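A quick write-up on the structure given underneath.
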Amino acid sequence: MKKNKKINLKFVANYENKIKEYRKEYYKNIINSTSPHDNKPYYIILNVVPFLLAIIIILIGRFNIYSEVASLVLFIIVNIIIKIIFKTTSLDTTNKYLREIMKCGYYSIDDYEEKLKEYVTGPNGYYNQLLQDIMTKYNISENTRQIPGLHGEIYYIWTNGNQDTLLLLNCKCNDKPEIISIRFVNIRYFRVDNFKKEIVLKTDLDEYYFKIDALDTLNEYIKEKRFENINAYQPEDHINDFELYMHKIKADIINKAQKEKDEASSYLVQIIIYFIGNVLVIGTKLFIKEHIALLNFVNLVLFIMLCVNIKKLIFSKTGVVLSEDDYIRILNTDEKCVQRFNELKYALGIKDDYDRVYSNEGACYLTWVANGYFHLFLNLIYFNVVYMAIKTSDVLYYVKKGSECEIKLKDKVLTFNKDAEAVFSKILPNKDYNWIKGFKNKQ
């Protein structure tokens with residue numbers, strides 16, 4: 001690929017690896033009207049003031065050891081206070097995008113966006129150059145069919161030479177241009193959501209969303225994959241797809257925690273190195289007086305680098321091991337997980353208006369009877385799906401026992417809270433233990 005001389009590849013790599021997700025979250029919050037404030041003055045004050053105080057104390061103390069110790073202690077205390085402020089106010093959450101670009105030397109979102117357009121997303125940026133290279137490689141022209149994505153994307157769409165793979169390429173340069181290759185055999189279905197005015201294309205690993213205008217084109221390419229045209233009902237495939245996705249999410253969470261732990265460890269190592277360097281310079285100044293100005297300058301540089309890494313360590317996350325409750329909270333508030341879970345329920349034909357019963361721990365199960373089967377579905381996003389379809393003939397009885405309601409199956413007993421009795425009496429009217437016992441006594 002021919003590189004534009006203006007493109008700063010280091011800037012591109014930093015954006016891709018560190019900034020992009022925070023930027024997406026920032027603009028998503030704006031769209032969702034959660035009012036992420038540009039806390040530029042606060043961030044500048046809270047980031048610059050501790051360094052200025054530390055340096056002033058050292059200069060007033062003329063680089064003696066007492067001034068350096070006092071300066072370092074004050075710097076640590078001030079940053080701990082700032083972290084507490086961040087944790088107890090909205091400053092820690094309202095603008096993580098600004099916080100991250102400030103680490104790169106940008107104190108304004110507008111300034112960063114200007115460089116982003118120049119190096120990455122603009123007409124002369126990296127993404128546009130990459131797009132032109134891909135279009136040339138795949139012989140894509142403006143005459144190639146296009147379909148609109150749900151979030152402003154415009155995809156070129158075509159099939160490969162064997163007519164067994166659907167290919168998509170986003171031609172809007174807000175995101176990195178990449179070929180999306182979808183084999184027909186991996187497509188579970190696509191469907192129209194008339195309520196949301198969108199199209200969902202589900203594969204074994206991914207889900208893609210398009211505007212309703214894409215319907216004619218998708219019908220032309222994969223009409224046999226339309227949800228209404230699929231005859232084979234294989235719930236285990238949809239459940240396996242979801243569980244694989246959820247375990248990928250878990251791996252991502254674990255990897256993120258490990259990365260945070262590794263970063264904290266690297267900061268600690270650098271703190272030790274710069275601290276030792278400072279001690280050596282201070283010791284050298286006791287014996288060498290003729291180069292004191294140069295040694296003070298080196299001392300100041302090492303001290304600033306020591307403070308920078310101390311600050312990073314204080315504000316770093318330590319990769320705390322998550323509990324099961326933590327995972328449940330994260331998964332059930334994550335937009336993509338909720339979206340996937342709702343699509344799973346659609347694929348399985350599970351409706352939100354089914355009756356609800358609750359375990360003693362408060363877990364919600366959707367339950368219904370259809371086609372001779374008693375169904376239970378755990379309505380909670382987790383790494384594993386709990387879905388049971390049991391022949392009604394294999395349900396022996398249900399009975400209320402104190403604060404619990406048991407339902408006895410051929411091979412197991414399920415326990416719910418006492419309120420479940422009212423639901424089971426409605427959907428399993430002939431399985432009441434007391435009714436069965438009375439019926440048998442009459443025989």
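Ordered as shown in the structure tokens, chains take letters A, B, and onward, while each chain numbers its residues from 1 and ligands are numbered from 1 in the order shown.
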
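Backbone DSSP assigns strand (DSSP E) in range 32-199 of chain A to Gln146, Ile147, Pro148, Ile154, Tyr155, Tyr156, Ile157, Trp158, Thr159, Thr165, Leu166, Leu167, Leu168, Leu169, Asn170, Ile179, Ile180, Ser181, Ile182, Arg183, Ile187, Arg188, Tyr189, Phe190, Arg191, Val192, Asp193, Glu198 and Ile199 of chain A.
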
Might you pull out every residue within 9 Å of range 72-78 of chain A, with only C-alpha atoms counted and same-chain residues fewer than 6 positions away left off, and present them as an mmCIF file with C-alpha atoms, in the first residue's frame?
```
data_model
loop_
_atom_site.group_PDB
_atom_site.id
_atom_site.type_symbol
_atom_site.label_atom_id
_atom_site.label_comp_id
_atom_site.auth_asym_id
_atom_site.auth_seq_id
_atom_site.Cartn_x
_atom_site.Cartn_y
_atom_site.Cartn_z
ATOM 1 C CA PRO A 50 0.389 17.889 41.426
ATOM 2 C CA PHE A 51 3.462 18.021 39.156
ATOM 3 C CA LEU A 53 3.572 21.528 43.347
ATOM 4 C CA ALA A 54 6.186 18.773 43.441
ATOM 5 C CA PHE A 303 12.133 12.738 39.491
ATOM 6 C CA CYS A 307 6.216 10.867 39.454
ATOM 7 C CA ILE A 310 3.666 6.719 40.337
ATOM 8 C CA LYS A 311 0.631 8.560 38.999
ATOM 9 C CA ILE A 314 -2.153 5.004 41.390
#
```

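Residue nearest Glu243 in chain A, chosen from A:Ala422, A:Leu376, A:Val12, A:Cys337 and counting only C-alpha atoms: A:Cys337.
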
Just checking: using only C-alpha atoms, which residue out of A:Lys345, A:Arg329, A:Lys223, A:His291 ends up closest to Phe242 in chain A? A:Lys345

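Relative to CA of Gly122 in chain A, CA of Lys211 in chain A is found at 25.0 Å.
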
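Going from CA of Lys83 in chain A to CA of Cys104 in chain A covers 19.6 Å.
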
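In this comparison, which uses only C-alpha atoms, the residue of A:Glu290, A:Glu16, A:Asp326, A:Asp204 approaching Asp175 in chain A most closely is A:Glu16.
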
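Remark: for Ile84 in chain A, the closest of the candidate residues A:Tyr382, A:Tyr112, A:Phe315, A:Phe210 is A:Phe315 (distances computed over only C-alpha atoms).
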
One number please: CA of Ile140 in chain A to CA of Cys171 in chain A, in Å, one decimal. 10.6 Å
